[in-house]
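**Student:** Input: one structure, supplied below.
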Amino acid sequence: MDFTIYWFMFPVSIVVATCAMLSGIGGAALFTPIFILIFPLLGPDYVLESTIAAIGAALFTQTFGFLSGFVGYYRRKLIDYALAWRILRIAVPVSVVGALTASLVHDSVLLSSYAVLVLVLAFVLWRNPVPRMQESAKSDGTKRRELTDSRGHTYTYDDPELGPGSVSLTGIGAFLTGMVSVGIGEVTISQLTRKGVPIAVAAATSVLVVILTVVFASTTLFAQLIQAGGWTAVPWNLLCYDIPGVLIGGQIGPRLQGWVSQHTMRRSISLLFVVLGTAMIAVAAQ
């Protein structure tokens with residue numbers, strides 16, 4: 001295993017993680033097409049062994065990218081752990097099922113699923129406005145929740161009801177995360193903000209949900225790779241550059257907030273997703 005071949009992914013990972021933090025999307029949504037679409041253009045030596053290896057590497061890398069964000073939210077005391085648990089008890093087992101399913105379907109199904117998902121996400125990013133900061137939501141008589149952060153700000157909001165519709169969306173997002181690396185983060189934060197959870201609390205809680213869901217999904221994928229091809233089936237020579245890159249990018253992104261408007265960033269990512277989705281469909285059709 002050549003540990004110098006992917007050296008260029010260190011700066012690329014910094015850029016990807018920075019863009020992910022600025023736009024609010026998961027880094028795996030960008031890493032997966034890099035591994036599947038770009039690497040083959042560089043030559044046969046750069047191609048990963050399988051689509052599963054690419055998805056697993058993207059998810060594992062995203063875990064470290066979100067880790068720095070989690071540390072910041074943990075220190076700010078913005079995470080609603082009880083709410084996160086209600087989501088995780090659905091997301092974690094379903095993501096594992098998605099990861100197990102990934103090895104049972106043809107690569108074209110994985111690529112097509114990714115393409116459809118990012119095209120839908122592109123539409124959502126283009127049409128939906130960036131939610132405004134808020135500290136509380138109007139009560140409709142339901143149970144209230146209260147959370148005080150490390151700066152003394154108190155957030156009071158209605159306890160969001162996670163009915164059958166929310167459970168279904170969470171399950172779909174988690175399943176697709178395990179199978180094609182994208183879904184749970186976007187589904188979680190959109191659901192929580194729509195239900196009146198303050199954006200600061202929703203973002204912090206979503207980060208915890210994403211990290212734990214992705215850890216279980218990527219571990220399942222890597223376990224399948226190791227079982228089938230040994231430890232060398234995992235692209236450690238790629239991860240050794242990706243992980244430090246996203247750790248750095250995860251710190252740069254928040255510092256650049258305000259330099260580029262979230263509206264502009266989300267529109268740019270939306271257009272990029274249209275290109276990536278179209279390219280994935282073309283590859284899947286071959």
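Each chain of the structure tokens is named A, B, ... in the order shown, its residues numbered from 1; ligands are numbered from 1 in display order.
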Which of range 2-245 of chain A counts as strand (DSSP E) under DSSP, as a PyMOL selection string please?

**Tutor:** chain A and resi 144-148+154-158

**Student:** Would you mind exporting the chosen residues as a short mmCIF file (atom, residue, chain, number, x, y, z; two decimals), in the first residue's frame, restricted to N, CA and C atoms?

**Tutor:**
```cif
data_model
loop_
_atom_site.label_atom_id
_atom_site.label_comp_id
_atom_site.auth_asym_id
_atom_site.auth_seq_id
_atom_site.Cartn_x
_atom_site.Cartn_y
_atom_site.Cartn_z
N ARG A 144 -43.03 22.10 27.04
CA ARG A 144 -41.93 22.99 26.71
C ARG A 144 -40.60 22.39 27.15
N ARG A 145 -39.55 22.71 26.40
CA ARG A 145 -38.19 22.31 26.74
C ARG A 145 -37.37 23.57 26.95
N GLU A 146 -36.39 23.49 27.83
CA GLU A 146 -35.56 24.65 28.13
C GLU A 146 -34.10 24.22 28.20
N LEU A 147 -33.25 24.99 27.55
CA LEU A 147 -31.82 24.68 27.51
C LEU A 147 -31.03 25.97 27.66
N THR A 148 -30.10 26.00 28.60
CA THR A 148 -29.26 27.17 28.83
C THR A 148 -27.83 26.86 28.42
N THR A 154 -30.76 31.34 27.28
CA THR A 154 -31.74 30.29 27.50
C THR A 154 -32.64 30.14 26.28
N TYR A 155 -32.75 28.92 25.79
CA TYR A 155 -33.60 28.60 24.65
C TYR A 155 -34.81 27.83 25.15
N THR A 156 -35.99 28.35 24.88
CA THR A 156 -37.22 27.69 25.28
C THR A 156 -38.03 27.38 24.04
N TYR A 157 -38.45 26.14 23.91
CA TYR A 157 -39.15 25.73 22.69
C TYR A 157 -40.06 24.54 22.99
N ASP A 158 -41.05 24.37 22.13
CA ASP A 158 -41.96 23.24 22.29
C ASP A 158 -41.23 21.92 22.05
#
```

**Student:** Extract, using only C-alpha atoms, all DNA, RNA and protein residues at most 7 Å from range 187-192 of chain A, discarding same-chain residues fewer than 5 positions from it, and format them as a list in words.

**Tutor:**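 Listed by chain and then number, they are Leu169, Thr170, Gly173, Val197, Ala202, Ala203 and Ser206 of chain A.
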
**Student:** Which is closest to Thr213 in chain A among A:Ala29, A:Ala17, A:Ala91, A:Ala82, if we use only C-alpha atoms?

**Tutor:**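 Ranking A:Ala29, A:Ala17, A:Ala91, A:Ala82 by distance to Thr213 in chain A, first place goes to A:Ala91.
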
**Student:** From a backbone DSSP assignment, name each residue in range 100-262 of chain A labelled helix (DSSP H, G or I), as a ChimeraX atom specification.

**Tutor:** /A:100-102,107-127,164-180,184-194,199-229,231-233,236-255,262

**Student:** Can you build me a table of range 147-248 of chain A residues sitting at most 7 Å from range 94-102 of chain A, with the closest atom pair per residue and its distance in Å to one decimal, using only C-alpha atoms, sorted by chain and residue number, as JSON lines?

**Tutor:**
```
{"residue": "A:Gly171", "atom": "CA", "partner": "A:Val94", "partner_atom": "CA", "distance": 6.1}
{"residue": "A:Ala174", "atom": "CA", "partner": "A:Ser95", "partner_atom": "CA", "distance": 4.6}
{"residue": "A:Phe175", "atom": "CA", "partner": "A:Gly98", "partner_atom": "CA", "distance": 4.4}
{"residue": "A:Leu176", "atom": "CA", "partner": "A:Gly98", "partner_atom": "CA", "distance": 6.3}
{"residue": "A:Thr177", "atom": "CA", "partner": "A:Ser95", "partner_atom": "CA", "distance": 6.2}
{"residue": "A:Gly178", "atom": "CA", "partner": "A:Ala99", "partner_atom": "CA", "distance": 4.2}
{"residue": "A:Met179", "atom": "CA", "partner": "A:Gly98", "partner_atom": "CA", "distance": 4.7}
{"residue": "A:Thr213", "atom": "CA", "partner": "A:Ser95", "partner_atom": "CA", "distance": 6.6}
{"residue": "A:Phe216", "atom": "CA", "partner": "A:Val96", "partner_atom": "CA", "distance": 6.4}
{"residue": "A:Ala217", "atom": "CA", "partner": "A:Val96", "partner_atom": "CA", "distance": 5.1}
{"residue": "A:Thr220", "atom": "CA", "partner": "A:Ala99", "partner_atom": "CA", "distance": 6.2}
{"residue": "A:Leu221", "atom": "CA", "partner": "A:Ala99", "partner_atom": "CA", "distance": 5.8}
```

**Student:** Go through range 139-199 of chain A and flag each residue having an atom no more than 10 Å from range 72-76 of chain A; for those, report the closest pair of atoms plus their distance in Å to one decimal, using only C-alpha atoms, ordered by chain and rising number, as a tab-separated table.

**Tutor:**
```
residue	atom	partner	partner_atom	distance
A:Thr148	CA	A:Arg76	CA	9.2
A:Asp149	CA	A:Arg76	CA	5.5
A:Ser150	CA	A:Arg76	CA	4.9
A:Arg151	CA	A:Arg76	CA	7.2
A:Gly152	CA	A:Arg76	CA	9.6
```

**Student:** Just how far from CA of Ile14 in chain A is CA of Trp236 in chain A, in Å to one decimal?

**Tutor:**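 A separation of 17.8 Å between them.
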
**Student:** So the first atom is CA of Leu59 in chain A and the second is CA of Leu78 in chain A; what is the distance between them in Å, to one decimal place?

**Tutor:**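 Those two atoms sit 24.1 Å apart.
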
**Student:** Please determine, counting only C-alpha atoms, which residue among A:Phe123, A:Phe64, A:Phe70, A:Tyr46 has the shortest atom-to-atom distance to Val214 in chain A.

**Tutor:**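 Using only C-alpha atoms, Val214 in chain A sits closest to A:Phe64.
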
**Student:** Considering only C-alpha atoms, return as a count of residues only whatever protein or nucleic-acid residues lie within 8 Å of Ile55 in chain A, sequence-local ones (same chain, fewer than 6 positions apart) excluded.

**Tutor:** 5

**Student:** For Leu239 in chain A, please output as a ChimeraX atom specification all residues within 9 Å (counting only C-alpha atoms; exclusion window: fewer than 5 positions along the same chain).

**Tutor:** /A:6,9,57,60-61,234,244

**Student:** Mind pulling up the distance from CA of Trp126 in chain A to CA of Ser68 in chain A?

**Tutor:**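 Separating CA of Ser68 in chain A from CA of Trp126 in chain A is a distance of 27.1 Å.
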
**Student:** Give me the residues near Glu49 in chain A as number ranges by chain, where near means some atom within 9 Å (using only C-alpha atoms) and where sequence neighbours in that chain fewer than 3 positions away do not count.

**Tutor:** A: 52-54, 233-235
